[in-house]
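The data block below is entry.txt; it holds compact mmCIF, C-alpha atoms.
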```txt
# COMPACT_ATOMS: atom_id res chain seq x y z
CA MET A 1 10.44 -18.25 37.73
CA THR A 2 13.72 -16.76 36.71
CA GLN A 3 15.00 -17.25 33.21
CA SER A 4 17.43 -15.31 31.15
CA VAL A 5 17.28 -15.01 27.39
CA GLN A 6 19.82 -13.79 24.92
CA THR A 7 18.59 -10.43 23.58
CA HIS A 8 21.72 -8.96 22.06
CA GLY A 9 24.89 -10.10 20.39
CA ASP A 10 24.75 -13.09 18.05
CA PRO A 11 21.35 -12.95 16.25
CA ASP A 12 21.20 -16.75 15.99
CA LEU A 13 20.92 -17.08 19.78
CA ARG A 14 17.81 -14.90 20.05
CA PRO A 15 14.63 -16.84 20.82
CA GLY A 16 11.93 -16.98 18.16
CA GLY A 17 8.13 -17.08 18.30
CA LEU A 18 6.09 -15.40 21.04
CA ARG A 19 8.96 -15.93 23.45
CA GLY A 20 11.06 -13.84 21.12
CA VAL A 21 8.41 -11.09 21.00
CA ALA A 22 8.35 -10.94 24.82
CA ALA A 23 12.14 -11.02 25.00
CA ASP A 24 12.54 -8.26 22.35
CA PHE A 25 10.03 -5.92 23.97
CA GLY A 26 11.24 -6.70 27.50
CA SER A 27 14.92 -6.39 26.69
CA ASP A 28 15.31 -2.84 28.04
CA GLN A 29 17.11 -2.01 24.79
CA ARG A 30 15.82 -1.34 21.30
CA ALA A 31 12.67 -3.43 20.70
CA PHE A 32 13.20 -3.99 16.96
CA LYS A 33 16.42 -5.97 16.88
CA THR A 34 16.88 -6.38 13.15
CA ALA A 35 15.20 -3.21 11.87
CA SER A 36 17.20 0.02 12.00
CA TRP A 37 15.54 3.10 13.51
CA GLY A 38 14.98 4.46 10.02
CA LYS A 39 13.12 1.38 8.88
CA ALA A 40 11.15 1.10 12.14
CA MET A 41 10.09 4.76 11.90
CA MET A 42 8.97 4.33 8.28
CA TRP A 43 6.88 1.33 9.37
CA ILE A 44 5.33 3.32 12.21
CA PHE A 45 4.56 6.20 9.83
CA LEU A 46 2.95 3.73 7.43
CA LEU A 47 0.88 2.33 10.32
CA SER A 48 -0.45 5.83 11.04
CA ASP A 49 -1.15 6.32 7.33
CA THR A 50 -3.05 3.02 7.36
CA PHE A 51 -5.42 4.55 9.90
CA VAL A 52 -5.87 7.67 7.76
CA PHE A 53 -6.84 5.65 4.69
CA GLY A 54 -8.83 3.25 6.88
CA CYS A 55 -10.91 6.19 8.11
CA PHE A 56 -11.48 7.43 4.54
CA LEU A 57 -12.70 4.02 3.41
CA LEU A 58 -14.86 3.77 6.54
CA ALA A 59 -16.43 7.17 5.86
CA TYR A 60 -17.17 5.98 2.32
CA MET A 61 -18.71 2.76 3.64
CA THR A 62 -20.87 4.73 6.08
CA ALA A 63 -22.06 7.15 3.38
CA ARG A 64 -22.86 4.31 0.97
CA MET A 65 -24.67 2.19 3.58
CA SER A 66 -26.73 5.01 5.06
CA THR A 67 -28.18 6.54 1.90
CA PRO A 68 -31.50 5.34 0.49
CA VAL A 69 -30.50 6.72 -2.96
CA ALA A 70 -28.93 4.18 -5.33
CA TRP A 71 -25.11 4.28 -5.48
CA PRO A 72 -23.71 4.98 -8.98
CA ASN A 73 -22.41 1.78 -10.59
CA PRO A 74 -18.59 2.20 -10.72
CA SER A 75 -18.40 -0.40 -13.48
CA GLU A 76 -20.35 1.95 -15.80
CA VAL A 77 -19.06 5.25 -14.41
CA PHE A 78 -15.43 4.28 -15.07
CA ALA A 79 -16.03 2.58 -18.41
CA LEU A 80 -14.19 3.85 -21.47
CA HIS A 81 -15.53 3.88 -25.02
CA ILE A 82 -12.97 1.87 -27.00
CA GLY A 83 -13.46 0.42 -30.48
CA GLY A 84 -17.18 1.11 -30.62
CA GLN A 85 -18.08 -0.45 -27.27
CA ASP A 86 -17.93 0.40 -23.58
CA VAL A 87 -15.22 -1.53 -21.77
CA PRO A 88 -16.03 -1.52 -18.03
CA LEU A 89 -13.44 -0.19 -15.59
CA ILE A 90 -10.64 -0.51 -18.17
CA LEU A 91 -8.71 2.62 -17.17
CA ILE A 92 -8.72 1.57 -13.51
CA ALA A 93 -7.47 -1.89 -14.48
CA ILE A 94 -4.61 -0.36 -16.48
CA MET A 95 -3.77 1.95 -13.54
CA THR A 96 -3.68 -1.09 -11.26
CA PHE A 97 -1.27 -2.93 -13.57
CA VAL A 98 0.93 0.17 -13.88
CA LEU A 99 1.16 0.57 -10.11
CA ILE A 100 1.89 -3.13 -9.56
CA SER A 101 4.63 -2.96 -12.20
CA SER A 102 6.14 0.03 -10.41
CA SER A 103 6.15 -2.03 -7.19
CA GLY A 104 7.98 -4.81 -9.05
CA THR A 105 10.67 -2.48 -10.36
CA MET A 106 11.00 -0.92 -6.89
CA ALA A 107 11.50 -4.31 -5.23
CA MET A 108 14.25 -5.11 -7.74
CA ALA A 109 15.85 -1.68 -7.19
CA VAL A 110 16.11 -2.49 -3.46
CA ASN A 111 17.71 -5.82 -4.33
CA PHE A 112 20.30 -4.29 -6.67
CA GLY A 113 20.96 -1.61 -4.07
CA TYR A 114 22.05 -4.21 -1.54
CA ARG A 115 24.26 -5.74 -4.26
CA ARG A 116 25.81 -2.27 -4.60
CA GLU A 117 25.04 -2.06 -8.33
CA ARG A 118 24.22 1.61 -8.36
CA GLY A 119 23.59 1.94 -12.10
CA LYS A 120 20.87 -0.70 -12.13
CA THR A 121 19.42 0.58 -8.83
CA ALA A 122 19.10 4.14 -10.11
CA ALA A 123 17.69 2.97 -13.46
CA LEU A 124 15.04 0.81 -11.79
CA MET A 125 14.13 3.65 -9.42
CA LEU A 126 13.72 5.98 -12.39
CA ALA A 127 11.51 3.36 -14.07
CA THR A 128 9.45 3.23 -10.86
CA ALA A 129 9.13 7.03 -10.82
CA LEU A 130 8.11 6.99 -14.49
CA LEU A 131 5.39 4.40 -13.87
CA GLY A 132 4.25 6.39 -10.83
CA ALA A 133 4.03 9.56 -12.93
CA ALA A 134 2.07 7.62 -15.58
CA PHE A 135 -0.34 6.55 -12.84
CA VAL A 136 -0.87 10.14 -11.68
CA GLY A 137 -1.34 11.19 -15.33
CA MET A 138 -4.07 8.59 -15.85
CA GLN A 139 -5.69 9.70 -12.62
CA ALA A 140 -5.70 13.31 -13.86
CA PHE A 141 -7.36 12.07 -17.07
CA GLU A 142 -9.96 10.20 -15.02
CA TRP A 143 -10.71 13.27 -12.87
CA THR A 144 -11.02 15.45 -15.97
CA LYS A 145 -13.42 12.99 -17.59
CA LEU A 146 -15.62 12.73 -14.49
CA ILE A 147 -15.64 16.47 -13.85
CA SER A 148 -16.65 17.11 -17.49
CA GLU A 149 -19.48 14.61 -17.01
CA GLY A 150 -20.78 16.68 -14.10
CA VAL A 151 -19.40 14.87 -11.06
CA ARG A 152 -18.91 17.26 -8.15
CA PRO A 153 -18.29 16.61 -4.46
CA TRP A 154 -21.94 17.54 -3.85
CA GLU A 155 -23.72 16.02 -6.86
CA ASN A 156 -23.45 13.70 -9.83
CA PRO A 157 -25.79 12.68 -12.65
CA TRP A 158 -26.17 9.01 -11.64
CA GLY A 159 -27.23 8.68 -8.02
CA ALA A 160 -26.19 9.24 -4.43
CA ALA A 161 -24.55 12.67 -4.01
CA GLN A 162 -21.90 11.28 -1.63
CA PHE A 163 -20.28 9.40 -4.53
CA GLY A 164 -18.38 12.50 -5.69
CA SER A 165 -17.07 13.50 -2.28
CA ALA A 166 -15.89 9.97 -1.50
CA PHE A 167 -14.27 9.64 -4.94
CA PHE A 168 -12.38 12.95 -4.89
CA MET A 169 -11.30 12.56 -1.28
CA ILE A 170 -10.04 8.99 -1.50
CA THR A 171 -8.42 9.02 -4.94
CA GLY A 172 -7.13 12.56 -4.37
CA PHE A 173 -5.39 11.62 -1.16
CA HIS A 174 -3.95 8.50 -2.75
CA GLY A 175 -2.80 10.47 -5.82
CA THR A 176 -1.08 12.94 -3.50
CA HIS A 177 0.78 10.05 -1.90
CA VAL A 178 1.88 8.78 -5.32
CA THR A 179 3.05 12.28 -6.30
CA ILE A 180 5.07 12.68 -3.10
CA GLY A 181 6.47 9.18 -3.71
CA VAL A 182 7.63 10.13 -7.23
CA ILE A 183 9.45 13.20 -5.86
CA PHE A 184 10.95 11.11 -3.04
CA LEU A 185 12.03 8.47 -5.62
CA LEU A 186 13.76 11.04 -7.82
CA ILE A 187 15.68 12.44 -4.83
CA VAL A 188 16.88 9.00 -3.67
CA ALA A 189 17.63 7.88 -7.26
CA ARG A 190 19.86 10.95 -7.70
CA LYS A 191 21.74 10.06 -4.50
CA VAL A 192 22.18 6.47 -5.71
CA TRP A 193 23.35 7.60 -9.15
CA ARG A 194 25.88 10.01 -7.63
CA GLY A 195 27.25 7.22 -5.44
CA ASP A 196 26.30 8.86 -2.13
CA PHE A 197 25.71 5.48 -0.51
CA ASP A 198 29.07 4.10 -1.67
CA THR A 199 31.08 7.10 -0.47
CA GLU A 200 28.90 7.61 2.63
CA ARG A 201 28.41 11.22 1.63
CA ARG A 202 26.43 13.15 4.22
CA GLY A 203 22.84 14.15 3.45
CA PHE A 204 22.14 17.83 2.72
CA PHE A 205 19.41 18.01 5.36
CA THR A 206 20.23 15.47 8.06
CA SER A 207 24.06 15.51 7.69
CA ARG A 208 24.00 11.76 8.32
CA LYS A 209 25.90 9.20 6.28
CA GLY A 210 23.72 7.54 3.66
CA ARG A 211 23.40 3.76 3.28
CA TYR A 212 21.71 1.59 0.69
CA GLU A 213 19.06 0.91 3.32
CA ALA A 214 17.62 4.30 2.27
CA VAL A 215 16.51 2.58 -0.95
CA GLU A 216 14.69 -0.11 1.03
CA ILE A 217 13.00 2.49 3.26
CA MET A 218 11.95 4.41 0.13
CA GLY A 219 10.67 1.08 -1.20
CA LEU A 220 8.55 0.54 1.93
CA TYR A 221 6.75 3.83 1.25
CA TRP A 222 6.27 3.01 -2.42
CA HIS A 223 4.91 -0.49 -1.76
CA PHE A 224 2.54 1.02 0.79
CA VAL A 225 1.12 3.32 -1.88
CA ASP A 226 0.53 0.22 -4.03
CA LEU A 227 -0.98 -1.57 -1.02
CA VAL A 228 -3.47 1.25 -0.41
CA TRP A 229 -4.47 1.10 -4.08
CA VAL A 230 -5.25 -2.62 -3.67
CA PHE A 231 -7.80 -1.70 -1.00
CA ILE A 232 -9.20 1.30 -2.91
CA PHE A 233 -9.54 -0.83 -6.06
CA ALA A 234 -11.40 -3.53 -4.12
CA PHE A 235 -13.71 -1.34 -2.04
CA PHE A 236 -14.33 1.72 -4.18
CA TYR A 237 -14.12 0.46 -7.76
CA LEU A 238 -15.15 -3.18 -7.56
CA TRP A 239 -17.60 -3.39 -4.63
CA MET B 240 33.20 -13.70 14.65
CA SER B 241 35.79 -11.28 13.38
CA GLU B 242 35.15 -7.56 13.21
CA THR B 243 34.97 -7.49 9.43
CA THR B 244 32.34 -10.22 9.02
CA ALA B 245 30.20 -8.58 11.73
CA HIS B 246 30.48 -5.30 9.83
CA ALA B 247 29.63 -7.01 6.55
CA GLN B 248 26.54 -8.62 8.11
CA ALA B 249 25.35 -5.35 9.58
CA GLN B 250 25.70 -3.77 6.13
CA SER B 251 24.16 -6.61 4.18
CA GLY B 252 20.39 -6.10 4.58
CA GLN B 253 17.93 -8.19 2.57
CA HIS B 254 19.43 -10.64 0.09
CA HIS B 255 17.04 -12.55 -2.12
CA PRO B 256 17.23 -13.79 -5.69
CA ILE B 257 15.70 -11.48 -8.33
CA ARG B 258 13.61 -14.44 -9.50
CA LEU B 259 11.57 -14.24 -6.28
CA TYR B 260 10.46 -10.69 -7.08
CA LEU B 261 9.60 -11.58 -10.66
CA VAL B 262 7.45 -14.51 -9.50
CA ILE B 263 5.59 -12.29 -6.99
CA TRP B 264 5.18 -9.62 -9.67
CA GLY B 265 3.64 -12.24 -11.97
CA LEU B 266 1.34 -13.49 -9.20
CA LEU B 267 0.16 -9.94 -8.46
CA PHE B 268 -0.59 -9.47 -12.17
CA VAL B 269 -2.62 -12.67 -12.27
CA LEU B 270 -4.51 -11.80 -9.07
CA SER B 271 -5.27 -8.29 -10.40
CA ALA B 272 -6.53 -9.82 -13.63
CA PHE B 273 -8.78 -12.11 -11.57
CA SER B 274 -10.19 -9.16 -9.58
CA TYR B 275 -10.85 -7.33 -12.84
CA MET B 276 -12.59 -10.40 -14.24
CA VAL B 277 -14.94 -10.38 -11.23
CA ASP B 278 -16.28 -7.08 -12.56
CA TYR B 279 -15.96 -7.92 -16.26
CA LEU B 280 -17.92 -11.17 -15.92
CA GLY B 281 -20.50 -9.38 -13.78
CA PHE B 282 -20.59 -11.63 -10.73
CA GLN B 283 -23.04 -10.29 -8.16
CA GLY B 284 -23.95 -10.72 -4.50
CA TYR B 285 -21.97 -12.75 -2.00
CA LEU B 286 -19.91 -14.46 -4.72
CA ARG B 287 -18.69 -11.06 -5.94
CA TRP B 288 -17.92 -9.72 -2.45
CA SER B 289 -16.10 -12.82 -1.27
CA LEU B 290 -14.00 -13.04 -4.47
CA ILE B 291 -13.08 -9.33 -4.19
CA LEU B 292 -12.02 -9.80 -0.55
CA ILE B 293 -10.05 -13.00 -1.25
CA PHE B 294 -8.05 -11.48 -4.14
CA MET B 295 -7.55 -8.27 -2.16
CA MET B 296 -6.15 -10.07 0.88
CA LEU B 297 -3.90 -12.31 -1.25
CA LYS B 298 -2.45 -9.27 -3.05
CA ALA B 299 -1.99 -7.31 0.18
CA GLY B 300 -0.35 -10.33 1.83
CA LEU B 301 2.13 -10.81 -1.03
CA ILE B 302 3.07 -7.12 -1.11
CA VAL B 303 3.59 -6.88 2.66
CA ALA B 304 5.31 -10.24 3.12
CA ILE B 305 7.64 -10.30 0.11
CA PHE B 306 8.00 -6.81 -1.39
CA MET B 307 8.11 -5.12 2.02
CA HIS B 308 10.21 -7.98 3.47
CA MET B 309 7.88 -8.49 6.45
CA ALA B 310 8.37 -12.27 6.13
CA TRP B 311 12.01 -11.86 7.16
CA GLU B 312 11.55 -9.41 10.04
CA ARG B 313 11.49 -10.33 13.72
CA LEU B 314 8.03 -11.18 15.06
CA ALA B 315 8.16 -8.14 17.41
CA LEU B 316 8.03 -5.75 14.41
CA VAL B 317 5.47 -7.87 12.56
CA TYR B 318 3.06 -7.81 15.52
CA ALA B 319 3.70 -4.13 16.33
CA ILE B 320 2.78 -3.12 12.76
CA LEU B 321 0.20 -5.66 11.59
CA LEU B 322 -1.97 -6.15 14.68
CA PRO B 323 -3.07 -2.50 15.34
CA PRO B 324 -4.85 -2.16 11.93
CA LEU B 325 -7.13 -5.03 12.98
CA LEU B 326 -8.71 -2.57 15.44
CA VAL B 327 -10.15 -0.79 12.39
CA LEU B 328 -12.51 -3.77 12.15
CA VAL B 329 -14.05 -2.72 15.50
CA PHE B 330 -14.59 0.74 13.97
CA VAL B 331 -16.19 -0.96 10.94
CA ALA B 332 -18.61 -2.83 13.19
CA LEU B 333 -19.54 0.42 14.98
CA MET B 334 -20.15 2.28 11.72
CA VAL B 335 -22.19 -0.55 10.19
CA SER B 336 -24.48 -0.38 13.19
CA GLU B 337 -24.60 3.42 12.96
CA SER B 338 -25.31 3.35 9.20
CA ASN B 339 -28.18 0.93 9.69
CA TYR B 340 -29.70 3.27 12.26
CA THR B 341 -29.22 6.31 9.99
CA ILE B 342 -30.90 4.70 7.00
CA PHE B 343 -33.71 3.46 9.27
CA THR B 344 -34.41 6.99 10.51
CA ARG B 345 -34.12 8.44 6.99
CA LEU B 346 -36.65 5.97 5.63
CA ALA B 347 -38.94 6.32 8.66
CA PHE B 348 -39.05 10.14 8.69
CA PHE B 349 -38.37 11.22 5.10
CA GLY B 350 -39.68 8.32 3.04
CA THR B 351 -37.12 7.76 0.27
CA ALA B 352 -35.73 11.31 0.11
CA PRO B 353 -32.08 11.91 1.13
```

Can the structure in the file be given as structure tokens, please?
Amino acid sequence: MTQSVQTHGDPDLRPGGLRGVAADFGSDQRAFKTASWGKAMMWIFLLSDTFVFGCFLLAYMTARMSTPVAWPNPSEVFALHIGGQDVPLILIAIMTFVLISSSGTMAMAVNFGYRRERGKTAALMLATALLGAAFVGMQAFEWTKLISEGVRPWENPWGAAQFGSAFFMITGFHGTHVTIGVIFLLIVARKVWRGDFDTERRGFFTSRKGRYEAVEIMGLYWHFVDLVWVFIFAFFYLW
Amino acid sequence: MSETTAHAQAQSGQHHPIRLYLVIWGLLFVLSAFSYMVDYLGFQGYLRWSLILIFMMLKAGLIVAIFMHMAWERLALVYAILLPPLLVLVFVALMVSESNYTIFTRLAFFGTAP
């Protein structure tokens, strides 16, 4: 069977569905027709990061399932004393809302970037960085509170010893990602504000011309950080 | 197609109304509130676990599809990125089996001690 399919040129002529997948991968050209190399590489990095966090959550699952000692109840451990009563998990809920809001502002920053409104793009990116920094701040508060209550990677007052190691490892690694994201955001926001992507000014490190796609690639990383938190929130805090 | 329109298309990237992002933002807020309510109202057992997983998957799906623009990418990229993580489920199955064996040996040889 000999058939030829359009794999380059006018995007509207490319086949869709599974046929399109086969044609794209078999085209003896770039496999990802609509994604630039920068975007494709960010996606592939995020895929590898998915496995890193997947392994952390798996290690936590294994520790929790294989210990005969009761697991500390996260609902009580992460409760805050507000207005004379314990509100369960309230700080974690606020952190979740803060991170989701930062994802919302980031998505809009990407949108304004493609409209070439650099003022709004930079402002929304700064708002995203601010919310991200607030998240890290609340996480630092949470760590301080737990450490003062005697939680260590090897012991805690409430139950299975593995609780501390899983908690510090998972939230610590996620917090590191958020921190790196905030730094990354500030760098890209400065470039946007200065008009680097309008004047195609060359980057200080790569010497390549910048495009507003950099904002979208930055956004991919930031949304991924939010995505990981969705899974941590579900498996570590709620389960 | 003239040179200029081709250039403009290559430069354009993702164009969607702002309203779309606000709606998704709102939905994520509502879904997060629902997941929090699962804990606040103290649901237990299979009801709790299934609700947590449903809200988690809905949130993850919205973030990946809309915020990360996966819904508008070619299927080749979608499959290349989203199918490999499913293999983690094989790892999960292996570790569940391993954990069951570990706790069995711990209980059999040490009673209830660690």

Determine which residues of chain A sit within 6 Å of chain B, taking into account only C-alpha atoms, and present them as number ranges by chain. A: 21, 62, 65-66, 104, 107, 220, 227

Using all atoms listed in the file: which of A:Lys33, A:Ala122, A:Ala59, A:Ser103 has the shortest distance to A:Gly16: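 The closest residue to A:Gly16 is A:Lys33.
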
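Here atom CA of A:Leu57 and atom CA of A:Gly172 stand 12.8 Å from one another.
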
Could you tell me how far atom CA of A:Thr105 lies from atom CA of A:Gly195, in Å and to one decimal?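 Rounded to one decimal, the two atoms are 19.8 Å apart.
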
Which residues, written as a PyMOL selection string, have at least one atom at most 12 Å from A:Val52, with all atoms listed in the file counted and residues fewer than 3 positions away on the same chain left out? (chain A and resi 45-49+55-59+169-170+173-174+177+228) or (chain B and resi 324+327)

May I have the centre and edge lengths, in Å to one decimal, of an axis-aligned box around the listed atoms of stretch 298-301 of chain B with 5 Å added to every side, as JSON?
```
{"center_x": -0.2, "center_y": -9.1, "center_z": -0.6, "size_x": 14.6, "size_y": 13.5, "size_z": 14.9}
```

Output stretch 289-312 of chain B as a JSON list (two decimals), keeping the file's coordinate frame, making sure N, CA and C atoms are there.
```json
[["chain", "number", "residue", "atom", "x", "y", "z"],
["B", 289, "SER", "N", -17.12, -11.94, -1.83],
["B", 289, "SER", "CA", -16.10, -12.82, -1.27],
["B", 289, "SER", "C", -14.89, -12.93, -2.21],
["B", 290, "LEU", "N", -15.13, -12.98, -3.53],
["B", 290, "LEU", "CA", -14.00, -13.04, -4.47],
["B", 290, "LEU", "C", -13.15, -11.77, -4.37],
["B", 291, "ILE", "N", -13.82, -10.59, -4.30],
["B", 291, "ILE", "CA", -13.08, -9.33, -4.19],
["B", 291, "ILE", "C", -12.19, -9.36, -2.94],
["B", 292, "LEU", "N", -12.77, -9.81, -1.81],
["B", 292, "LEU", "CA", -12.02, -9.80, -0.55],
["B", 292, "LEU", "C", -10.86, -10.80, -0.59],
["B", 293, "ILE", "N", -11.11, -11.98, -1.18],
["B", 293, "ILE", "CA", -10.05, -13.00, -1.25],
["B", 293, "ILE", "C", -8.86, -12.49, -2.07],
["B", 294, "PHE", "N", -9.14, -11.96, -3.28],
["B", 294, "PHE", "CA", -8.05, -11.48, -4.14],
["B", 294, "PHE", "C", -7.35, -10.29, -3.49],
["B", 295, "MET", "N", -8.13, -9.42, -2.82],
["B", 295, "MET", "CA", -7.55, -8.27, -2.16],
["B", 295, "MET", "C", -6.57, -8.71, -1.06],
["B", 296, "MET", "N", -7.01, -9.64, -0.22],
["B", 296, "MET", "CA", -6.15, -10.07, 0.88],
["B", 296, "MET", "C", -4.91, -10.80, 0.38],
["B", 297, "LEU", "N", -5.07, -11.60, -0.69],
["B", 297, "LEU", "CA", -3.90, -12.31, -1.25],
["B", 297, "LEU", "C", -2.88, -11.30, -1.78],
["B", 298, "LYS", "N", -3.37, -10.28, -2.51],
["B", 298, "LYS", "CA", -2.45, -9.27, -3.05],
["B", 298, "LYS", "C", -1.77, -8.51, -1.92],
["B", 299, "ALA", "N", -2.56, -8.07, -0.94],
["B", 299, "ALA", "CA", -1.99, -7.31, 0.18],
["B", 299, "ALA", "C", -0.95, -8.16, 0.91],
["B", 300, "GLY", "N", -1.27, -9.44, 1.11],
["B", 300, "GLY", "CA", -0.35, -10.33, 1.83],
["B", 300, "GLY", "C", 0.97, -10.48, 1.08],
["B", 301, "LEU", "N", 0.90, -10.65, -0.24],
["B", 301, "LEU", "CA", 2.13, -10.81, -1.03],
["B", 301, "LEU", "C", 2.98, -9.55, -0.98],
["B", 302, "ILE", "N", 2.32, -8.38, -1.11],
["B", 302, "ILE", "CA", 3.07, -7.12, -1.11],
["B", 302, "ILE", "C", 3.77, -6.93, 0.23],
["B", 303, "VAL", "N", 3.00, -7.12, 1.34],
["B", 303, "VAL", "CA", 3.59, -6.88, 2.66],
["B", 303, "VAL", "C", 4.67, -7.91, 2.98],
["B", 304, "ALA", "N", 4.38, -9.19, 2.71],
["B", 304, "ALA", "CA", 5.31, -10.24, 3.12],
["B", 304, "ALA", "C", 6.59, -10.24, 2.29],
["B", 305, "ILE", "N", 6.46, -10.13, 0.96],
["B", 305, "ILE", "CA", 7.64, -10.30, 0.11],
["B", 305, "ILE", "C", 8.25, -8.95, -0.29],
["B", 306, "PHE", "N", 7.43, -8.08, -0.92],
["B", 306, "PHE", "CA", 8.00, -6.81, -1.39],
["B", 306, "PHE", "C", 8.48, -5.95, -0.22],
["B", 307, "MET", "N", 7.71, -5.94, 0.88],
["B", 307, "MET", "CA", 8.11, -5.12, 2.02],
["B", 307, "MET", "C", 8.95, -5.90, 3.03],
["B", 308, "HIS", "N", 9.29, -7.15, 2.68],
["B", 308, "HIS", "CA", 10.21, -7.98, 3.47],
["B", 308, "HIS", "C", 9.70, -8.30, 4.87],
["B", 309, "MET", "N", 8.39, -8.21, 5.11],
["B", 309, "MET", "CA", 7.88, -8.49, 6.45],
["B", 309, "MET", "C", 8.13, -9.95, 6.84],
["B", 310, "ALA", "N", 8.18, -10.84, 5.84],
["B", 310, "ALA", "CA", 8.37, -12.27, 6.13],
["B", 310, "ALA", "C", 9.72, -12.54, 6.78],
["B", 311, "TRP", "N", 10.68, -11.61, 6.61],
["B", 311, "TRP", "CA", 12.01, -11.86, 7.16],
["B", 311, "TRP", "C", 12.31, -11.01, 8.38],
["B", 312, "GLU", "N", 11.32, -10.24, 8.86],
["B", 312, "GLU", "CA", 11.55, -9.41, 10.04],
["B", 312, "GLU", "C", 11.28, -10.22, 11.32]]
```
